[in-house]
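For reference, data11.csv (CSV, C-alpha atoms):
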chain,number,residue,atom,x,y,z
A,58,MET,CA,-115.8,130.7,124.8
A,59,ARG,CA,-112.1,129.9,124.2
A,60,MET,CA,-112.8,129.5,120.5
A,61,ARG,CA,-114.6,132.9,120.4
A,62,ILE,CA,-111.7,134.6,122.1
A,63,ARG,CA,-109.2,132.9,119.7
A,64,LEU,CA,-111.2,134.0,116.7
A,65,THR,CA,-111.4,137.6,118.0
A,66,LEU,CA,-107.6,137.7,118.6
A,67,PHE,CA,-107.0,136.3,115.1
A,68,LEU,CA,-109.2,138.9,113.4
A,69,PHE,CA,-107.6,141.6,115.5
A,70,ALA,CA,-104.1,140.4,114.3
A,71,VAL,CA,-105.2,140.3,110.7
A,72,PHE,CA,-106.7,143.8,111.0
A,73,ALA,CA,-103.6,145.1,112.7
A,74,SER,CA,-101.3,143.7,110.0
A,75,VAL,CA,-103.4,145.2,107.2
A,76,THR,CA,-103.4,148.5,108.9
A,77,VAL,CA,-99.6,148.5,109.3
A,78,GLY,CA,-99.3,147.5,105.7
A,79,LEU,CA,-101.5,150.4,104.6
A,80,ALA,CA,-99.6,152.8,106.8
A,81,GLN,CA,-96.2,151.7,105.3
A,82,LYS,CA,-97.4,152.0,101.7
A,83,PRO,CA,-95.9,155.2,100.3
A,84,PRO,CA,-98.4,157.9,99.3
A,85,PRO,CA,-99.2,158.1,95.6
A,86,ARG,CA,-97.0,160.5,93.6
A,87,PRO,CA,-98.6,163.5,92.1
A,88,LYS,CA,-98.9,163.5,88.3
A,89,VAL,CA,-96.2,166.1,88.0
A,90,HIS,CA,-93.3,166.2,90.5
A,91,SER,CA,-89.5,166.5,90.4
A,92,GLU,CA,-88.4,163.2,91.9
A,93,PHE,CA,-86.7,162.2,88.6
A,94,SER,CA,-83.1,161.4,87.9
A,95,PHE,CA,-81.2,162.6,84.9
A,96,GLY,CA,-78.9,160.5,82.7
A,97,SER,CA,-77.1,161.0,79.4
A,98,TYR,CA,-75.1,159.1,76.8
A,99,PRO,CA,-72.3,160.1,76.5
A,100,SER,CA,-72.1,161.7,79.9
A,101,SER,CA,-72.5,165.5,80.0
A,102,ARG,CA,-71.3,167.5,83.0
A,103,GLU,CA,-73.1,170.6,81.8
A,104,ALA,CA,-76.4,168.8,81.5
A,105,ASN,CA,-75.9,167.0,84.8
A,106,ASN,CA,-75.5,170.4,86.5
A,107,LEU,CA,-78.5,171.9,84.7
A,108,MET,CA,-80.8,169.0,85.6
A,109,SER,CA,-79.7,169.0,89.2
A,110,LYS,CA,-82.1,171.9,89.7
A,111,GLU,CA,-85.5,170.7,90.9
A,112,LYS,CA,-87.5,173.3,88.9
A,113,ASN,CA,-85.9,172.2,85.6
A,114,ARG,CA,-86.9,168.6,86.2
A,115,TYR,CA,-90.4,169.7,87.2
A,116,LEU,CA,-90.7,171.7,84.1
A,117,LEU,CA,-89.8,168.9,81.7
A,118,VAL,CA,-92.2,166.5,83.5
A,119,ALA,CA,-94.9,169.0,83.3
A,120,PHE,CA,-94.4,169.4,79.5
A,121,HIS,CA,-94.4,165.6,79.2
A,122,GLU,CA,-97.9,165.6,80.8
A,123,GLY,CA,-99.1,168.3,78.4
A,124,TRP,CA,-99.0,171.3,80.7
A,125,ASP,CA,-98.6,174.8,79.3
A,126,PHE,CA,-96.5,177.7,80.7
A,127,ASP,CA,-99.4,179.2,82.6
A,128,LYS,CA,-100.3,176.0,84.4
A,129,VAL,CA,-96.6,175.5,85.4
A,130,GLY,CA,-96.4,179.0,86.8
A,131,LYS,CA,-99.6,178.5,88.8
A,132,GLU,CA,-98.6,175.1,90.2
A,133,LEU,CA,-95.0,176.3,91.1
A,134,LYS,CA,-96.3,179.6,92.3
A,135,ILE,CA,-93.7,181.5,90.3
A,136,SER,CA,-93.9,184.5,87.9
A,137,ASP,CA,-94.2,184.3,84.2
A,138,ASP,CA,-90.7,185.8,83.9
A,139,GLU,CA,-89.3,182.9,86.0
A,140,VAL,CA,-91.1,180.3,83.9
A,141,ASP,CA,-89.6,182.0,80.8
A,142,LYS,CA,-86.1,182.0,82.3
A,143,LEU,CA,-86.4,178.3,83.2
A,144,PHE,CA,-87.6,177.4,79.8
A,145,SER,CA,-84.9,179.6,78.1
A,146,ASP,CA,-82.1,177.7,80.0
A,147,LEU,CA,-83.6,174.3,78.9
A,148,ASP,CA,-84.1,175.6,75.3
A,149,THR,CA,-80.5,176.8,75.1
A,150,GLU,CA,-79.3,173.3,76.0
A,151,LYS,CA,-81.9,171.9,73.6
A,152,LEU,CA,-83.5,169.9,76.4
A,153,ALA,CA,-86.9,171.5,75.8
A,154,GLY,CA,-88.5,173.2,72.9
A,155,GLU,CA,-91.8,174.0,71.2
A,156,ASN,CA,-93.7,171.9,68.7
A,157,GLN,CA,-95.4,173.2,65.5
A,158,ASP,CA,-98.3,174.4,67.6
A,159,ASN,CA,-96.0,176.4,69.8
A,160,GLU,CA,-96.7,174.0,72.7
A,161,PRO,CA,-93.8,173.3,75.0
A,162,ARG,CA,-92.4,169.7,75.1
A,163,PRO,CA,-89.4,167.9,76.4
A,164,ASN,CA,-86.5,167.2,73.9
A,165,ILE,CA,-85.6,164.2,76.0
A,166,PRO,CA,-87.8,161.2,76.9
A,167,ILE,CA,-89.4,161.3,80.3
A,168,ILE,CA,-89.7,157.7,81.7
A,169,ARG,CA,-92.2,157.0,84.3
A,170,GLU,CA,-92.5,154.1,86.7
A,171,LYS,CA,-95.4,152.7,84.8
A,172,ASP,CA,-93.2,152.7,81.7
A,173,LEU,CA,-90.5,150.7,83.6
A,174,GLU,CA,-93.1,148.2,84.8
A,175,ARG,CA,-94.5,147.8,81.3
A,176,ILE,CA,-91.1,146.9,79.7
A,177,LYS,CA,-89.3,145.2,82.6
A,178,GLY,CA,-89.7,141.7,81.1
A,179,SER,CA,-88.3,142.7,77.7
A,180,LEU,CA,-85.4,144.5,79.4
A,181,GLN,CA,-84.5,141.5,81.5
A,182,LYS,CA,-84.6,139.2,78.4
A,183,HIS,CA,-82.5,141.5,76.3
A,184,SER,CA,-80.0,142.1,79.1
A,185,GLU,CA,-79.5,138.4,79.7
A,186,GLU,CA,-79.0,137.7,76.0
A,187,PHE,CA,-76.5,140.6,75.7
A,188,ALA,CA,-74.6,139.5,78.8
A,189,LYS,CA,-74.2,136.0,77.4
A,190,ILE,CA,-72.5,137.4,74.3
A,191,VAL,CA,-70.0,139.4,76.4
A,192,GLU,CA,-69.3,136.5,78.8
A,193,GLY,CA,-69.1,134.1,75.9
A,194,ASN,CA,-66.1,136.1,74.5
A,195,TRP,CA,-64.5,136.7,77.9
A,196,SER,CA,-61.3,134.7,77.2
A,197,GLN,CA,-60.7,136.8,74.1
A,198,ILE,CA,-60.9,140.0,76.2
A,199,GLU,CA,-58.7,138.5,78.9
A,200,ALA,CA,-56.0,137.7,76.4
A,201,MET,CA,-56.0,141.3,75.1
A,202,ALA,CA,-55.8,142.6,78.7
A,203,ALA,CA,-52.9,140.3,79.6
A,204,SER,CA,-50.9,141.4,76.5
A,205,LEU,CA,-50.8,145.1,77.4
A,206,ASN,CA,-47.4,146.0,78.8
A,207,GLY,CA,-48.8,149.4,79.8
A,208,ALA,CA,-51.3,147.7,82.1
A,209,LYS,CA,-48.7,145.6,84.1
A,210,GLY,CA,-49.3,146.0,87.8
A,211,VAL,CA,-53.0,146.9,87.5
A,212,PRO,CA,-55.1,144.4,89.4
A,213,LYS,CA,-56.8,142.0,87.0
A,214,GLU,CA,-60.4,142.7,88.2
A,215,GLN,CA,-59.8,146.5,87.9
A,216,LEU,CA,-58.2,146.1,84.4
A,217,MET,CA,-61.1,144.0,83.2
A,218,TYR,CA,-63.6,146.6,84.4
A,219,GLU,CA,-61.7,149.4,82.6
A,220,ILE,CA,-61.5,147.4,79.4
A,221,VAL,CA,-65.0,145.9,79.3
A,222,VAL,CA,-67.0,148.8,80.8
A,223,ALA,CA,-65.1,152.0,79.8
A,224,GLY,CA,-63.3,150.6,76.7
A,225,ILE,CA,-65.9,148.4,75.1
A,226,LEU,CA,-69.5,148.9,76.5
A,227,LEU,CA,-69.4,152.7,77.0
A,228,GLY,CA,-66.6,153.5,74.6
A,229,GLY,CA,-66.2,151.3,71.5
A,230,MET,CA,-70.0,150.6,71.3
A,231,ASN,CA,-70.6,154.3,71.2
A,232,ASP,CA,-68.4,154.6,68.1
A,233,ALA,CA,-69.9,151.5,66.6
A,234,PHE,CA,-73.5,152.8,66.9
A,235,PHE,CA,-72.5,156.2,65.6
A,236,GLU,CA,-70.7,154.7,62.6
A,237,ASP,CA,-73.6,152.3,61.8
A,238,LYS,CA,-76.1,155.2,62.0
A,239,THR,CA,-79.2,152.9,61.8
A,240,LEU,CA,-79.7,152.5,65.6
A,241,ILE,CA,-78.2,155.2,67.7
A,242,PRO,CA,-76.6,157.9,65.4
A,243,PRO,CA,-74.7,160.7,67.0
A,244,GLY,CA,-76.8,162.4,69.6
A,245,PRO,CA,-78.7,165.7,69.0
A,246,ARG,CA,-76.7,168.9,69.0
A,247,ARG,CA,-77.0,170.5,72.4
A,248,GLY,CA,-75.5,173.6,74.1
A,249,ARG,CA,-71.8,174.3,73.5
A,250,GLY,CA,-71.6,172.0,70.5
A,251,GLN,CA,-72.1,168.8,72.5
A,252,ARG,CA,-73.9,165.8,71.2
A,253,TYR,CA,-75.6,163.4,73.6
A,254,PHE,CA,-78.9,161.7,74.4
A,255,GLY,CA,-80.6,162.5,77.7
A,256,TRP,CA,-83.5,161.3,79.8
A,257,LEU,CA,-85.3,161.7,83.0
A,258,VAL,CA,-86.4,158.6,85.0
A,259,GLU,CA,-88.9,158.5,87.8
A,260,GLY,CA,-88.2,156.6,91.0
A,261,ASP,CA,-85.1,154.4,91.3
A,262,PRO,CA,-82.1,156.6,90.2
A,263,ARG,CA,-80.3,153.5,89.0
A,264,TYR,CA,-82.6,153.5,86.0
A,265,ALA,CA,-81.0,156.8,84.9
A,266,GLY,CA,-77.7,155.0,84.6
A,267,HIS,CA,-75.3,154.2,87.5
A,268,ILE,CA,-72.0,154.2,85.6
A,269,GLN,CA,-70.4,157.4,84.3
A,270,ARG,CA,-67.7,157.4,81.7
A,271,GLU,CA,-65.8,160.6,80.6
A,272,GLU,CA,-62.8,161.2,78.4
A,273,GLY,CA,-60.6,164.2,77.8
A,274,GLN,CA,-57.2,165.1,76.5
A,275,SER,CA,-53.9,165.6,78.4
A,276,ASP,CA,-50.3,165.6,77.2
A,277,GLY,CA,-51.2,163.9,73.9
A,278,ASN,CA,-53.2,161.2,75.6
A,279,THR,CA,-56.9,160.4,75.9
A,280,ILE,CA,-57.7,160.2,79.6
A,281,VAL,CA,-60.7,158.0,80.4
A,282,THR,CA,-62.5,157.8,83.7
A,283,VAL,CA,-65.2,155.4,84.8
A,284,GLY,CA,-67.2,155.2,88.0
A,285,ALA,CA,-70.4,155.8,89.8
A,286,ALA,CA,-70.1,159.6,89.3
A,287,LEU,CA,-68.0,161.9,87.3
A,288,PRO,CA,-64.8,163.0,89.1
A,289,ARG,CA,-64.9,166.5,90.6
A,290,VAL,CA,-61.4,167.2,89.1
A,291,ARG,CA,-60.5,165.5,85.9
A,292,PRO,CA,-57.2,163.5,86.4
A,293,GLY,CA,-54.2,164.1,84.2
A,294,LEU,CA,-51.4,161.8,83.0
A,295,ASP,CA,-49.3,162.5,86.1
A,296,ASP,CA,-52.2,161.5,88.4
A,297,ILE,CA,-52.6,158.2,86.5
A,298,ARG,CA,-48.9,157.6,86.6
A,299,MET,CA,-48.8,158.3,90.4
A,300,ASN,CA,-51.6,155.7,91.0
A,301,ARG,CA,-49.9,153.1,88.7
A,302,GLY,CA,-52.9,153.1,86.3
A,303,MET,CA,-52.9,151.8,82.7
A,304,ILE,CA,-51.0,154.0,80.3
A,305,LEU,CA,-50.7,152.8,76.7
A,306,ASP,CA,-48.1,154.0,74.3
A,307,GLU,CA,-48.8,154.7,70.6
A,308,ALA,CA,-48.2,151.1,69.4
A,309,GLU,CA,-50.3,149.5,72.2
A,310,SER,CA,-53.0,152.2,71.8
A,311,ARG,CA,-53.4,151.3,68.1
A,312,ARG,CA,-53.7,147.6,69.0
A,313,PHE,CA,-56.1,148.3,71.8
A,314,ARG,CA,-58.3,150.6,69.8
A,315,SER,CA,-58.4,148.2,66.9
A,316,PHE,CA,-59.4,145.3,69.2
A,317,VAL,CA,-62.2,147.2,70.8
A,318,ALA,CA,-63.5,148.5,67.4
A,319,ILE,CA,-63.5,145.0,65.8
A,320,PHE,CA,-65.0,143.4,68.9
A,321,CYS,CA,-67.9,145.9,69.1
A,322,LYS,CA,-68.6,145.7,65.4
A,323,ASP,CA,-68.4,142.0,64.9
A,324,LYS,CA,-69.5,140.6,68.3
A,325,LEU,CA,-71.9,143.1,69.9
A,326,LEU,CA,-73.5,145.4,67.2
A,327,PRO,CA,-75.1,142.4,65.3
A,328,TYR,CA,-77.3,141.6,68.3
A,329,PHE,CA,-79.0,145.0,68.1
A,330,LYS,CA,-79.3,144.9,64.3
A,331,THR,CA,-80.9,141.4,64.5
A,332,ASN,CA,-83.3,142.4,67.3
A,333,ARG,CA,-84.1,145.9,65.8
A,334,ASN,CA,-87.9,145.0,65.3
A,335,ASP,CA,-88.2,143.7,68.8
A,336,LEU,CA,-86.6,146.9,70.2
A,337,ILE,CA,-88.9,149.1,68.2
A,338,LYS,CA,-91.9,147.3,69.7
A,339,VAL,CA,-90.6,147.9,73.2
A,340,ALA,CA,-90.0,151.6,72.3
A,341,THR,CA,-93.7,152.0,71.3
A,342,GLN,CA,-94.8,151.0,74.8
A,343,MET,CA,-93.2,154.1,76.3
A,344,THR,CA,-95.4,157.1,76.8
A,345,ALA,CA,-92.6,159.3,75.6
A,346,SER,CA,-92.7,157.6,72.1
A,347,ARG,CA,-95.4,160.2,71.1
A,348,TYR,CA,-92.7,162.9,70.9
A,349,SER,CA,-89.2,161.2,71.1
A,350,ALA,CA,-87.4,159.2,68.4
A,351,PHE,CA,-86.5,155.6,68.5
A,352,ALA,CA,-82.8,156.4,68.8
A,353,GLU,CA,-83.5,158.4,72.0
A,354,PHE,CA,-85.3,155.4,73.5
A,355,LEU,CA,-82.6,153.0,72.5
A,356,ALA,CA,-79.8,155.1,73.9
A,357,TRP,CA,-81.5,154.9,77.3
A,358,TYR,CA,-82.4,151.2,76.9
A,359,TYR,CA,-78.8,150.3,75.9
A,360,ILE,CA,-77.5,151.9,79.1
A,361,GLN,CA,-79.9,149.7,81.1
A,362,MET,CA,-78.6,146.7,79.3
A,363,VAL,CA,-75.1,147.7,80.1
A,364,ASN,CA,-76.0,148.3,83.8
A,365,ASN,CA,-77.5,144.8,84.1
A,366,THR,CA,-74.6,143.1,82.2
A,367,VAL,CA,-72.0,144.8,84.4
A,368,ASP,CA,-73.9,143.9,87.5
A,369,GLU,CA,-74.0,140.2,86.4
A,370,ILE,CA,-70.3,140.1,85.6
A,371,VAL,CA,-69.3,141.8,88.8
A,372,ALA,CA,-71.5,139.4,90.8
A,373,ALA,CA,-69.5,136.6,89.1
A,374,LYS,CA,-66.3,138.2,90.5
A,375,ARG,CA,-64.8,138.6,87.0
A,376,MET,CA,-64.2,142.3,87.5
A,377,GLN,CA,-64.4,144.9,90.3
A,378,PRO,CA,-66.0,148.3,90.1
A,379,PRO,CA,-64.2,151.3,91.6
A,380,VAL,CA,-64.9,152.8,94.9
A,381,ASP,CA,-64.8,156.2,93.2
A,382,GLN,CA,-63.3,156.2,89.7
A,383,TYR,CA,-60.8,154.3,87.7
A,384,ALA,CA,-58.7,156.3,85.3
A,385,TYR,CA,-56.4,155.2,82.4
A,386,ALA,CA,-54.6,156.9,79.5
A,387,VAL,CA,-54.5,155.8,75.8
A,388,LYS,CA,-52.2,157.6,73.4
A,389,SER,CA,-54.1,159.9,71.1
A,390,LEU,CA,-53.6,159.0,67.5
A,391,GLN,CA,-52.9,161.5,64.8

Entire entry expressed as structure tokens:
Amino acid sequence: MRMRIRLTLFLFAVFASVTVGLAQKPPPRPKVHSEFSFGSYPSSREANNLMSKEKNRYLLVAFHEGWDFDKVGKELKISDDEVDKLFSDLDTEKLAGENQDNEPRPNIPIIREKDLERIKGSLQKHSEEFAKIVEGNWSQIEAMAASLNGAKGVPKEQLMYEIVVAGILLGGMNDAFFEDKTLIPPGPRRGRGQRYFGWLVEGDPRYAGHIQREEGQSDGNTIVTVGAALPRVRPGLDDIRMNRGMILDEAESRRFRSFVAIFCKDKLLPYFKTNRNDLIKVATQMTASRYSAFAEFLAWYYIQMVNNTVDEIVAAKRMQPPVDQYAYAVKSLQ
């Protein structure tokens, strides 16, 4: 009798745990929805603002899935005129367009969770290998940082983050890729003459890119900011001076820029050229490969490698990310 009671209680407990597990499992996503995060390389404020609108994200995902204008209107329950207006805004920014058969399609890759699952092993491998290259040359970067008189007083962990993340990984490598032209050439021309690569990623927003870098001009200097988001107000030279940030004069600016350019070209770029065929194979596993170019995939993939590399170095306490943003100034060269 006791055995029967115990067995009954055991089966009840198993049933209850399974029921709870099923109840906690999130409902399946619809084929087309707007829970996607936008990212770009280099960062674009205008595109960020445009893609913050839910209907714009929905439209691009719908085009990715092969929907036409009529189906989008029916599903969103909006008029043909509103669909046309949404498409026109995206077309103006060159984020959507029409193919030769006049069918709408995204002009940026749409990356779904099943894509992320398919390539996660390759991404982890490439990220680890890339991180080892950066960490293997850490003493060389530290020596450069220590030699900058314009950075005296900046905490070391902050300075290393500014130089490694904003200066090298999201700055100098951008120039190295563009100069090389065989991997990630200058991004497509978008609205207002901008050039950038963009993407929409389903699920975890970190996969859209969780580090934002921006640069602008002020008083003959290039002002660089880096952080989890773009600053609401772009800082000027006086703001950096007030916060005792790094400010490099012309001589140090030339030396810093030269170091970054050579480091990227000689130390980091060769990894991508050597592994080009492997990266192309990964790109073909993405559903967006049917309409997007390899460079568009690699721009997104590179940002993921940067994210993972930065996370690893931060975890090792070799540099410290900002609470909001870091900002520094480098003299603009004539």

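Distances from A:Ser100, A:Gln181, A:Ser310, A:Gln377 to Leu216 in chain A were compared using all atoms listed in the file, and the smallest one belongs to A:Gln377.
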
Distance table requested - range 172-206 of chain A against range 243-261 of chain A, cut-off 12 Å, all atoms listed in the file: one row per qualifying residue with the closest atom pair and its distance in Å to one decimal, ordered by chain and rising residue number, as JSON lines.
{"residue": "A:Asp172", "atom": "CA", "partner": "A:Glu259", "partner_atom": "CA", "distance": 9.5}
{"residue": "A:Leu173", "atom": "CA", "partner": "A:Glu259", "partner_atom": "CA", "distance": 9.0}
{"residue": "A:Glu174", "atom": "CA", "partner": "A:Glu259", "partner_atom": "CA", "distance": 11.5}

> Which residues, written as an NGL selection string, have at least one atom at most 9 Å from Leu294 in chain A, with all atoms listed in the file counted and residues fewer than 5 positions away on the same chain left out?
Replying inline: :A and (275-276 or 278 or 280 or 299 or 304 or 385-386)

>> Applying 7 Å and all atoms listed in the file, which residues near Glu272 in chain A remain after dropping the ones on its own chain fewer than 3 positions away? List them as an MDAnalysis selection string.
In response: chainID A and resid 279:282

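Every residue within 10 Å of the file position (-50.6, 148.6, 87.5), judged by only C-alpha atoms, is given as A:Asn206, A:Gly207, A:Ala208, A:Lys209, A:Gly210, A:Val211, A:Pro212, A:Lys213, A:Gln215, A:Leu216, A:Ile297, A:Arg298, A:Asn300, A:Arg301, A:Gly302, A:Met303, A:Ile304.
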
> Quick one: of A:Thr366, A:Thr149, A:Gln157, A:Gln382, who's nearest to Pro292 in chain A, counting only C-alpha atoms?
Replying inline: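 Looking only at the distances to Pro292 in chain A, the closest residue turns out to be A:Gln382.
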
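The spacing separating CA of Glu353 in chain A from CA of Ile337 in chain A amounts to 11.4 Å.
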
> Between A:Ser145, A:Ser196, A:Ser389, A:Gln361, which has the minimum distance to Arg263 in chain A (counting only C-alpha atoms)?
Replying inline: A:Gln361

> Quick one: distance from CA of Met230 in chain A to CA of Cys321 in chain A in Å, one decimal?
Replying inline: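 Separation of CA of Met230 in chain A and CA of Cys321 in chain A: 5.6 Å.
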
>> As an exercise, work out the distance from CA of Gly224 in chain A to CA of Val317 in chain A in Å and give it to one decimal place.
In response: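 For CA of Gly224 in chain A relative to CA of Val317 in chain A, the distance reads 6.9 Å.
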
>> Under the rule that all atoms listed in the file are counted, which of A:Arg311, A:Phe329, A:Glu214, A:Asp141 is the nearest residue to Ala372 in chain A?
In response: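 Looking at the shortest contact to Ala372 in chain A, the residue is A:Glu214.
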
> Within 10 Å of (-70.1, 151.7, 75.9), in the coordinates the file gives, what residues turn up when you count only C-alpha atoms, written out as a list in words?
Replying inline: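 Applying the cut-off with only C-alpha atoms, one gets Tyr98, Pro99, Val221, Val222, Ala223, Gly224, Ile225, Leu226, Leu227, Gly228, Gly229, Met230, Asn231, Asp232, Ala233, Phe234, Arg270, Cys321, Tyr359, Ile360 and Val363 of chain A.
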
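Of the listed residues (A:Ile319, A:Ala104, A:Met217, A:Ala203), A:Met217 comes nearest to Pro379 in chain A; the distances count only C-alpha atoms.
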